[in-house]
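**Student:** query.txt is reproduced in full below (compact mmCIF, C-alpha atoms).
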```txt
# COMPACT_ATOMS: atom_id res chain seq x y z
CA MET A 1 -1.77 90.01 80.04
CA HIS A 2 -0.34 87.45 82.41
CA PRO A 3 0.82 89.11 85.66
CA SER A 4 4.36 87.71 85.45
CA PHE A 5 4.67 88.82 81.81
CA ARG A 6 3.58 92.32 82.82
CA PHE A 7 6.25 92.22 85.51
CA ILE A 8 8.92 91.33 82.92
CA VAL A 9 7.81 94.12 80.56
CA LEU A 10 7.89 96.66 83.38
CA GLY A 11 11.34 95.44 84.37
CA LEU A 12 12.61 95.77 80.82
CA LEU A 13 11.16 99.27 80.53
CA ALA A 14 12.79 100.27 83.79
CA SER A 15 16.22 99.02 82.74
CA ALA A 16 15.90 100.70 79.31
CA PHE A 17 15.14 103.95 81.09
CA THR A 18 18.19 103.51 83.34
CA VAL A 19 20.44 102.85 80.35
CA LEU A 20 19.12 106.00 78.69
CA LEU A 21 19.86 108.07 81.79
CA LEU A 22 23.34 106.60 82.10
CA LYS A 23 24.10 107.37 78.47
CA ARG A 24 23.03 110.92 79.00
CA ALA A 25 25.24 111.21 82.05
CA GLN A 26 28.18 109.75 80.12
CA ALA A 27 27.68 112.26 77.34
CA GLY A 28 28.68 114.85 79.91
CA ASP A 29 26.79 117.46 81.84
CA ASP A 30 25.21 120.47 80.21
CA ASP A 31 27.93 122.89 81.27
CA TYR A 32 30.91 121.01 79.87
CA PHE A 33 32.50 121.96 76.54
CA PRO A 34 35.71 120.05 75.76
CA PRO A 35 38.60 122.51 76.10
CA VAL A 36 41.23 123.08 73.40
CA THR A 37 43.92 120.41 73.44
CA ASP A 38 45.88 121.36 70.32
CA LYS A 39 49.15 123.02 71.32
CA ALA A 40 49.32 125.63 68.56
CA THR A 41 45.67 126.56 69.04
CA LEU A 42 46.10 126.83 72.78
CA GLN A 43 49.16 129.02 72.38
CA GLU A 44 47.95 131.33 69.62
CA CYS A 45 44.31 131.62 70.65
CA GLY A 46 44.92 131.51 74.38
CA SER A 47 47.47 134.32 74.87
CA CYS A 48 44.98 137.19 74.87
CA HIS A 49 41.75 135.45 75.78
CA LEU A 50 40.48 132.07 76.89
CA ALA A 51 41.06 129.58 74.07
CA PHE A 52 37.34 129.16 73.46
CA PRO A 53 36.14 125.57 73.02
CA PRO A 54 35.83 124.88 69.29
CA SER A 55 32.38 123.35 69.74
CA MET A 56 31.02 126.77 70.68
CA LEU A 57 30.93 127.87 67.03
CA PRO A 58 30.12 126.16 63.72
CA ALA A 59 32.88 125.28 61.25
CA ALA A 60 31.89 128.16 58.95
CA SER A 61 32.55 130.61 61.79
CA TRP A 62 36.03 129.26 62.44
CA LYS A 63 36.93 129.42 58.76
CA ARG A 64 35.74 133.01 58.60
CA MET A 65 37.59 133.85 61.82
CA MET A 66 40.87 132.33 60.67
CA ALA A 67 40.63 134.10 57.30
CA GLY A 68 40.49 137.50 58.98
CA LEU A 69 43.08 137.45 61.74
CA GLU A 70 44.68 140.71 60.55
CA ASP A 71 41.62 142.44 61.96
CA HIS A 72 40.56 140.23 64.83
CA PHE A 73 37.97 142.38 66.62
CA GLY A 74 40.24 145.35 66.01
CA ASP A 75 43.52 143.61 66.83
CA ASP A 76 46.13 142.12 64.53
CA ALA A 77 46.23 138.47 65.57
CA SER A 78 47.77 137.16 62.36
CA VAL A 79 49.96 134.06 62.47
CA ASP A 80 52.13 132.46 59.81
CA ALA A 81 50.37 130.43 57.10
CA GLY A 82 51.45 127.03 58.42
CA THR A 83 50.25 127.74 61.95
CA ALA A 84 47.00 129.18 60.61
CA ALA A 85 46.37 126.00 58.60
CA THR A 86 47.01 123.78 61.63
CA ILE A 87 44.71 125.81 63.86
CA THR A 88 41.95 126.03 61.25
CA ARG A 89 42.03 122.27 60.73
CA TYR A 90 41.73 121.68 64.46
CA LEU A 91 38.92 124.17 64.99
CA VAL A 92 36.90 122.94 62.00
CA ARG A 93 37.30 119.30 62.97
CA ASN A 94 36.03 120.03 66.49
CA ALA A 95 33.42 122.64 65.59
CA GLY A 96 29.96 122.50 67.15
CA ASP A 97 28.43 121.24 63.91
CA ALA A 98 31.17 118.72 63.14
CA ARG A 99 29.81 115.26 62.42
CA ASP A 100 30.99 113.74 65.71
CA ALA A 101 30.34 116.79 67.86
CA ARG A 102 27.13 115.17 69.21
CA ARG A 103 25.99 117.10 72.24
CA ASP A 104 29.03 119.38 72.37
CA GLY A 105 27.39 121.59 69.77
CA ARG A 106 24.38 122.44 71.89
CA LEU A 107 25.35 126.11 72.11
CA LEU A 108 24.42 126.27 68.41
CA ARG A 109 20.76 125.46 69.09
CA GLY A 110 18.50 127.95 67.38
CA LEU A 111 21.28 129.26 65.15
CA ASP A 112 20.51 129.66 61.45
CA PRO A 113 22.47 126.79 59.82
CA ASN A 114 23.77 129.21 57.17
CA ALA A 115 25.03 131.74 59.72
CA ALA A 116 28.73 132.11 60.52
CA PRO A 117 28.84 134.40 63.56
CA LEU A 118 32.24 135.52 64.84
CA ARG A 119 31.08 136.16 68.37
CA ILE A 120 29.93 133.36 70.66
CA THR A 121 27.99 136.06 72.51
CA GLU A 122 25.75 136.49 69.45
CA LEU A 123 24.46 132.93 69.56
CA PRO A 124 20.75 132.76 70.46
CA LYS A 125 21.45 130.04 73.00
CA TRP A 126 24.29 132.00 74.61
CA ARG A 127 22.04 135.03 74.92
CA ARG A 128 19.27 133.00 76.46
CA GLU A 129 21.67 131.51 79.00
CA HIS A 130 23.01 134.92 80.01
CA ARG A 131 19.82 137.00 79.90
CA LYS A 132 19.67 137.30 83.68
CA VAL A 133 23.22 138.58 84.10
CA ALA A 134 23.11 142.16 85.33
CA ARG A 135 24.89 144.89 83.39
CA SER A 136 26.88 145.73 86.50
CA ASP A 137 28.26 142.16 86.52
CA TRP A 138 29.62 142.58 82.99
CA THR A 139 31.33 145.83 83.83
CA SER A 140 32.71 144.68 87.19
CA LYS A 141 36.46 144.70 87.67
CA GLU A 142 36.74 140.88 87.60
CA VAL A 143 34.77 140.49 84.36
CA GLY A 144 35.05 143.69 82.31
CA THR A 145 34.09 142.11 78.99
CA LYS A 146 31.81 139.38 77.71
CA ALA A 147 34.90 137.73 76.21
CA ASN A 148 36.14 136.98 79.73
CA CYS A 149 34.28 133.71 80.44
CA ALA A 150 36.60 132.87 83.33
CA GLY A 151 35.59 136.08 85.10
CA CYS A 152 32.53 134.12 86.31
CA HIS A 153 33.04 130.54 85.13
CA VAL A 154 36.18 129.91 87.17
CA ASP A 155 36.85 126.50 85.57
CA ALA A 156 36.29 127.68 82.00
CA ALA A 157 39.84 126.77 80.99
CA GLN A 158 39.05 123.16 81.95
CA GLY A 159 35.85 123.25 79.89
CA TYR A 160 33.36 123.77 82.70
CA PHE A 161 30.94 126.64 82.29
CA ASP A 162 28.70 126.07 85.30
CA ASP A 163 26.26 128.71 86.51
CA GLU A 164 27.98 130.69 89.21
CA MET B 1 83.88 115.12 98.10
CA ASN B 2 81.18 112.65 99.14
CA PRO B 3 78.68 111.45 96.51
CA THR B 4 75.81 113.60 97.81
CA THR B 5 77.90 116.77 97.79
CA ARG B 6 79.16 115.92 94.33
CA ALA B 7 75.61 115.35 93.09
CA ILE B 8 74.54 118.70 94.52
CA ALA B 9 77.53 120.42 92.96
CA VAL B 10 76.77 118.88 89.56
CA LEU B 11 73.11 119.87 89.76
CA CYS B 12 74.04 123.42 90.76
CA ALA B 13 76.46 123.67 87.86
CA LEU B 14 73.77 122.43 85.49
CA GLY B 15 71.30 124.95 86.90
CA VAL B 16 73.75 127.80 86.52
CA SER B 17 74.61 126.84 82.96
CA ALA B 18 70.89 126.48 82.08
CA SER B 19 70.10 129.94 83.41
CA SER B 20 73.13 131.47 81.73
CA ALA B 21 72.06 129.84 78.46
CA ILE B 22 68.72 131.60 78.85
CA ALA B 23 70.43 134.90 79.63
CA GLY B 24 72.67 134.24 76.62
CA ALA B 25 69.68 133.92 74.30
CA ARG B 26 68.24 137.16 75.66
CA GLU B 27 71.56 138.98 75.25
CA ASP B 28 71.79 137.66 71.68
CA LEU B 29 68.40 139.14 70.93
CA LEU B 30 69.42 142.44 72.51
CA SER B 31 72.61 142.64 70.45
CA ARG B 32 70.69 141.76 67.32
CA TYR B 33 68.45 144.81 67.86
CA ALA B 34 71.43 146.95 68.82
CA ASN B 35 73.29 145.91 65.67
CA ALA B 36 70.28 146.78 63.53
CA ALA B 37 70.11 150.19 65.25
CA ARG B 38 73.82 150.76 64.60
CA ALA B 39 73.34 149.82 60.96
CA ALA B 40 70.73 152.55 60.67
CA ASP B 41 72.77 155.14 62.58
CA ALA B 42 76.57 155.00 62.71
CA GLY B 43 76.61 157.29 65.77
CA TYR B 44 74.39 154.96 67.80
CA ALA B 45 75.65 154.77 71.38
CA GLY B 46 74.01 151.46 72.33
CA PRO B 47 70.84 150.47 74.18
CA SER B 48 69.54 152.79 76.88
CA ALA B 49 67.52 151.15 79.64
CA ALA B 50 66.30 154.60 80.74
CA SER B 51 64.81 155.24 77.29
CA GLY B 52 63.32 151.76 77.41
CA GLU B 53 61.52 152.54 80.63
CA LYS B 54 60.21 155.77 79.14
CA LEU B 55 58.93 153.88 76.10
CA HIS B 56 57.21 151.40 78.39
CA ARG B 57 55.52 154.04 80.54
CA ASN B 58 54.76 156.78 78.02
CA ARG B 59 51.22 157.34 76.86
CA TYR B 60 50.75 157.55 73.11
CA ALA B 61 47.90 158.93 71.03
CA GLY B 62 48.67 157.05 67.82
CA GLY B 63 47.45 153.60 68.80
CA LYS B 64 44.18 152.17 69.98
CA PRO B 65 42.33 154.35 72.49
CA ASP B 66 41.98 151.58 75.08
CA THR B 67 45.71 150.81 75.06
CA PRO B 68 47.53 154.17 75.22
CA ALA B 69 50.59 152.65 76.94
CA CYS B 70 52.40 149.34 77.39
CA THR B 71 51.34 149.59 81.01
CA SER B 72 47.65 149.54 79.99
CA CYS B 73 47.92 145.77 79.86
CA HIS B 74 51.27 145.00 81.50
CA GLY B 75 50.65 147.18 84.56
CA ASP B 76 52.88 149.71 86.27
CA ASP B 77 55.08 147.12 87.95
CA ALA B 78 57.11 145.10 85.44
CA ARG B 79 57.67 142.42 88.06
CA ALA B 80 53.94 141.87 88.58
CA PRO B 81 51.53 140.11 86.20
CA GLY B 82 49.46 142.14 83.77
CA ARG B 83 46.05 141.58 82.27
CA THR B 84 44.81 141.57 78.68
CA ARG B 85 41.72 143.51 77.61
CA ALA B 86 39.93 140.16 77.45
CA GLY B 87 40.75 139.44 81.08
CA LYS B 88 43.58 136.96 80.70
CA ALA B 89 46.58 137.18 83.01
CA ILE B 90 49.92 138.13 81.44
CA GLU B 91 53.11 136.82 82.97
CA PRO B 92 55.36 139.57 84.35
CA MET B 93 57.60 141.18 81.72
CA ALA B 94 60.65 141.53 84.00
CA ALA B 95 63.38 139.08 83.01
CA SER B 96 64.16 138.44 86.69
CA VAL B 97 60.64 137.11 87.30
CA SER B 98 60.00 135.49 83.90
CA PRO B 99 63.45 134.28 82.81
CA ALA B 100 62.06 132.25 79.90
CA ARG B 101 60.95 135.45 78.16
CA TYR B 102 62.95 136.96 75.26
CA THR B 103 64.65 133.68 74.41
CA ASP B 104 62.61 133.00 71.25
CA PRO B 105 63.36 135.73 68.68
CA ALA B 106 60.32 134.89 66.53
CA LYS B 107 58.02 135.18 69.52
CA ALA B 108 59.58 138.46 70.60
CA GLU B 109 59.17 139.87 67.09
CA LYS B 110 55.55 138.74 66.90
CA TRP B 111 54.62 140.54 70.08
CA PHE B 112 56.67 143.67 69.39
CA LYS B 113 54.86 143.98 66.06
CA ARG B 114 51.40 143.46 67.51
CA ASN B 115 51.82 145.49 70.65
CA CYS B 116 53.75 148.44 69.21
CA THR B 117 51.05 148.73 66.55
CA GLU B 118 48.37 148.69 69.21
CA VAL B 119 50.02 151.17 71.54
CA LEU B 120 51.98 153.48 69.21
CA GLY B 121 50.04 152.96 66.01
CA ARG B 122 53.24 151.84 64.25
CA GLU B 123 55.93 149.22 64.53
CA CYS B 124 58.81 149.86 66.91
CA THR B 125 62.28 150.60 65.57
CA PRO B 126 65.21 148.28 66.38
CA ARG B 127 66.54 151.05 68.60
CA GLU B 128 63.32 151.17 70.60
CA LYS B 129 63.26 147.39 70.90
CA ALA B 130 66.86 147.38 72.14
CA ASP B 131 66.15 150.09 74.72
CA TRP B 132 63.01 148.37 75.94
CA LEU B 133 64.68 144.98 76.18
CA ALA B 134 67.67 146.51 77.98
CA TRP B 135 65.31 147.89 80.60
CA MET B 136 63.33 144.65 80.98
CA SER B 137 66.59 142.70 81.31
CA LYS B 138 67.42 144.77 84.38
CA GLN B 139 63.99 144.41 85.94
```
I'd like the structure from this file rewritten - as structure tokens, please.
**Tutor:**
Amino acid sequence: MHPSFRFIVLGLLASAFTVLLLKRAQAGDDDYFPPVTDKATLQECGSCHLAFPPSMLPAASWKRMMAGLEDHFGDDASVDAGTAATITRYLVRNAGDARDARRDGRLLRGLDPNAAPLRITELPKWRREHRKVARSDWTSKEVGTKANCAGCHVDAAQGYFDDE
Amino acid sequence: MNPTTRAIAVLCALGVSASSAIAGAREDLLSRYANAARAADAGYAGPSAASGEKLHRNRYAGGKPDTPACTSCHGDDARAPGRTRAGKAIEPMAASVSPARYTDPAKAEKWFKRNCTEVLGRECTPREKADWLAWMSKQ
């Protein structure tokens, strides 16, 4: 190979690598999950708990969740039919396995594609990410429950779930 | 009256009428519950804020074990924020601190239904809602 040709190939490889890195950076960092932007969803799902990012569960989970609001983890969270339809549409469209979810659905890694879990905390990936959290941290006054993401991830409402 | 003073006066008047409109909506809701209570009992004497406070602070055995009282989530001080079981802050219930509360009847009904069921194990009666709202209106 001619030395100058080799130089060109190396240069091309280097720029391809840079482009790849940039694309990855653009796709967002690993701890970002786009927060809920739909008004009805934010209001109805965000009164009692953080309005969890829709990409944290597959579409089948959201459908199952929205079909059983009368007994929502022991609480009656039912809403009128119109509101329920709006929220379901939004959640399904932005679910972690939606066609354009791309990397947002990475919390679903390792999940059986036929599974429709209702708890984000049951996802294999979630469990792996939280395996080092001490029991005393979960029961501390600031956290209290695994549903309280913002107890540790202070910017959870903005979609950032960084390690604290 | 110079223009600045006039502007201030106009803005104040607007502010006063906006806040009285809010109070008006809350009073409408209160009289709606009171009317329903009267319809059920001709001898009804009207809302009692004292009974409302009792309802708010009482502990009940009929609801969910982790929410025996309204104060389980809303806290002992109605003017201070509360906290849901899932760790989310709840705006204070006192009308003086959260004046926008109790102005949307559908929203009020939704939460009465959910929360009375959770705490008392049943829905609240119009009389109870009137009492409770009368107390919160004074807080």
**Student:** Please identify all polymer residues within 10 Å of A:Trp126, counting only C-alpha atoms, omitting same-chain residues fewer than 5 positions from it, and present them as a PyMOL selection string.
**Tutor:** chain A and resi 56+106-109+120-121+131
**Student:** Using only C-alpha atoms, which residues sit within 6 Å of B:Ala86 once same-chain residues fewer than 4 positions away are excluded, as number ranges by chain?
**Tutor:** A: 49, 147-148
**Student:** Compare B:Lys88, B:Lys129, B:Arg122, B:Lys113 by their minimum atom-to-atom distance to chain A, counting only C-alpha atoms, and give me the closest one.
**Tutor:**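 Among the listed residues, B:Lys88 lies closest to chain A.
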**Student:** Compute the chain A side of the contact with chain B at 9 Å, counting only C-alpha atoms, and hand it back as a list in words.
**Tutor:**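 Residues passing the distance filter: Gly46, Ser47, Cys48, His49, Leu50, Gly74, Asp75, Asp76, Ala77, Ser78, Val79, Glu142, Val143, Gly144, Thr145, Lys146, Ala147, Asn148, Cys149, Ala150 and Gly151 of chain A.
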**Student:** Just to be explicit: take each residue in the selection above, keep C-alpha atoms, and write the result as a PDB file, in the coordinates of the input.
**Tutor:**
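Ended up saving to selection-v5.pdb:
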```pdb
ATOM      1  CA  GLY A  46      44.920 131.510  74.380  1.00  0.00           C
ATOM      2  CA  SER A  47      47.470 134.320  74.870  1.00  0.00           C
ATOM      3  CA  CYS A  48      44.980 137.190  74.870  1.00  0.00           C
ATOM      4  CA  HIS A  49      41.750 135.450  75.780  1.00  0.00           C
ATOM      5  CA  LEU A  50      40.480 132.070  76.890  1.00  0.00           C
ATOM      6  CA  GLY A  74      40.240 145.350  66.010  1.00  0.00           C
ATOM      7  CA  ASP A  75      43.520 143.610  66.830  1.00  0.00           C
ATOM      8  CA  ASP A  76      46.130 142.120  64.530  1.00  0.00           C
ATOM      9  CA  ALA A  77      46.230 138.470  65.570  1.00  0.00           C
ATOM     10  CA  SER A  78      47.770 137.160  62.360  1.00  0.00           C
ATOM     11  CA  VAL A  79      49.960 134.060  62.470  1.00  0.00           C
ATOM     12  CA  GLU A 142      36.740 140.880  87.600  1.00  0.00           C
ATOM     13  CA  VAL A 143      34.770 140.490  84.360  1.00  0.00           C
ATOM     14  CA  GLY A 144      35.050 143.690  82.310  1.00  0.00           C
ATOM     15  CA  THR A 145      34.090 142.110  78.990  1.00  0.00           C
ATOM     16  CA  LYS A 146      31.810 139.380  77.710  1.00  0.00           C
ATOM     17  CA  ALA A 147      34.900 137.730  76.210  1.00  0.00           C
ATOM     18  CA  ASN A 148      36.140 136.980  79.730  1.00  0.00           C
ATOM     19  CA  CYS A 149      34.280 133.710  80.440  1.00  0.00           C
ATOM     20  CA  ALA A 150      36.600 132.870  83.330  1.00  0.00           C
ATOM     21  CA  GLY A 151      35.590 136.080  85.100  1.00  0.00           C
TER      22      GLY A 151
END
```
**Student:** Using only C-alpha atoms, which residues sit within 12 Å of B:Arg26 once same-chain residues fewer than 3 positions away are excluded, as a PyMOL selection string?
**Tutor:** chain B and resi 19-23+29-33+95-96+98-105+108+130+133-134+136-138
**Student:** From the set A:Met66, A:Ser4, A:Pro35, A:Ser55, which residue has the shortest atom-to-atom contact distance to A:Arg102, counting only C-alpha atoms?
**Tutor:** A:Ser55
**Student:** Mind completing stretch 49-81 of chain A with N, CA and C atoms? Output as a short mmCIF file (atom, residue, chain, number, x, y, z; two decimals), keeping the file's coordinate frame, please?
**Tutor:**
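rebuild.cif, freshly written:
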```cif
data_model
loop_
_atom_site.label_atom_id
_atom_site.label_comp_id
_atom_site.auth_asym_id
_atom_site.auth_seq_id
_atom_site.Cartn_x
_atom_site.Cartn_y
_atom_site.Cartn_z
N HIS A 49 43.03 135.80 75.18
CA HIS A 49 41.75 135.45 75.78
C HIS A 49 41.71 133.95 76.02
N LEU A 50 40.68 133.50 76.72
CA LEU A 50 40.48 132.07 76.89
C LEU A 50 40.45 131.43 75.50
N ALA A 51 41.14 130.31 75.34
CA ALA A 51 41.06 129.58 74.07
C ALA A 51 39.68 128.93 74.05
N PHE A 52 38.73 129.60 73.39
CA PHE A 52 37.34 129.16 73.46
C PHE A 52 37.17 127.76 72.89
N PRO A 53 36.35 126.92 73.54
CA PRO A 53 36.14 125.57 73.02
C PRO A 53 35.62 125.61 71.58
N PRO A 54 36.22 124.83 70.70
CA PRO A 54 35.83 124.88 69.29
C PRO A 54 34.37 124.53 69.05
N SER A 55 33.77 123.74 69.95
CA SER A 55 32.38 123.35 69.74
C SER A 55 31.40 124.49 69.98
N MET A 56 31.92 125.66 70.42
CA MET A 56 31.02 126.77 70.68
C MET A 56 30.65 127.55 69.42
N LEU A 57 31.28 127.21 68.30
CA LEU A 57 30.93 127.87 67.03
C LEU A 57 30.89 126.82 65.93
N PRO A 58 30.13 127.10 64.86
CA PRO A 58 30.12 126.16 63.72
C PRO A 58 31.40 126.29 62.89
N ALA A 59 31.67 125.30 62.08
CA ALA A 59 32.88 125.28 61.25
C ALA A 59 32.99 126.53 60.38
N ALA A 60 31.86 126.99 59.83
CA ALA A 60 31.89 128.16 58.95
C ALA A 60 32.40 129.39 59.70
N SER A 61 32.08 129.48 60.98
CA SER A 61 32.55 130.61 61.79
C SER A 61 34.07 130.57 61.94
N TRP A 62 34.58 129.39 62.24
CA TRP A 62 36.03 129.26 62.44
C TRP A 62 36.79 129.57 61.17
N LYS A 63 36.25 129.12 60.03
CA LYS A 63 36.93 129.42 58.76
C LYS A 63 36.97 130.92 58.53
N ARG A 64 35.83 131.56 58.80
CA ARG A 64 35.74 133.01 58.60
C ARG A 64 36.70 133.72 59.56
N MET A 65 36.73 133.26 60.79
CA MET A 65 37.59 133.85 61.82
C MET A 65 39.06 133.76 61.40
N MET A 66 39.46 132.57 60.99
CA MET A 66 40.87 132.33 60.67
C MET A 66 41.28 133.03 59.38
N ALA A 67 40.30 133.39 58.55
CA ALA A 67 40.63 134.10 57.30
C ALA A 67 40.77 135.60 57.54
N GLY A 68 40.45 136.06 58.73
CA GLY A 68 40.49 137.50 58.98
C GLY A 68 41.26 137.89 60.22
N LEU A 69 42.34 137.19 60.50
CA LEU A 69 43.08 137.45 61.74
C LEU A 69 43.79 138.81 61.76
N GLU A 70 44.00 139.40 60.58
CA GLU A 70 44.68 140.71 60.55
C GLU A 70 43.83 141.75 61.28
N ASP A 71 42.51 141.56 61.22
CA ASP A 71 41.62 142.44 61.96
C ASP A 71 40.71 141.58 62.83
N HIS A 72 41.26 141.13 63.93
CA HIS A 72 40.56 140.23 64.83
C HIS A 72 39.91 141.06 65.93
N PHE A 73 38.68 141.49 65.69
CA PHE A 73 37.97 142.38 66.62
C PHE A 73 38.81 143.62 66.91
N GLY A 74 39.46 144.12 65.86
CA GLY A 74 40.24 145.35 66.01
C GLY A 74 41.72 145.12 66.27
N ASP A 75 42.11 143.89 66.58
CA ASP A 75 43.52 143.61 66.83
C ASP A 75 44.12 142.79 65.69
N ASP A 76 45.42 142.96 65.51
CA ASP A 76 46.13 142.12 64.53
C ASP A 76 46.57 140.85 65.25
N ALA A 77 45.90 139.75 64.92
CA ALA A 77 46.23 138.47 65.57
C ALA A 77 46.79 137.50 64.54
N SER A 78 47.33 138.03 63.45
CA SER A 78 47.77 137.16 62.36
C SER A 78 48.91 136.24 62.79
N VAL A 79 48.91 135.05 62.22
CA VAL A 79 49.96 134.06 62.47
C VAL A 79 50.48 133.60 61.11
N ASP A 80 51.61 132.90 61.10
CA ASP A 80 52.13 132.46 59.81
C ASP A 80 51.20 131.42 59.19
N ALA A 81 51.33 131.24 57.87
CA ALA A 81 50.37 130.43 57.10
C ALA A 81 50.29 128.99 57.60
#
```
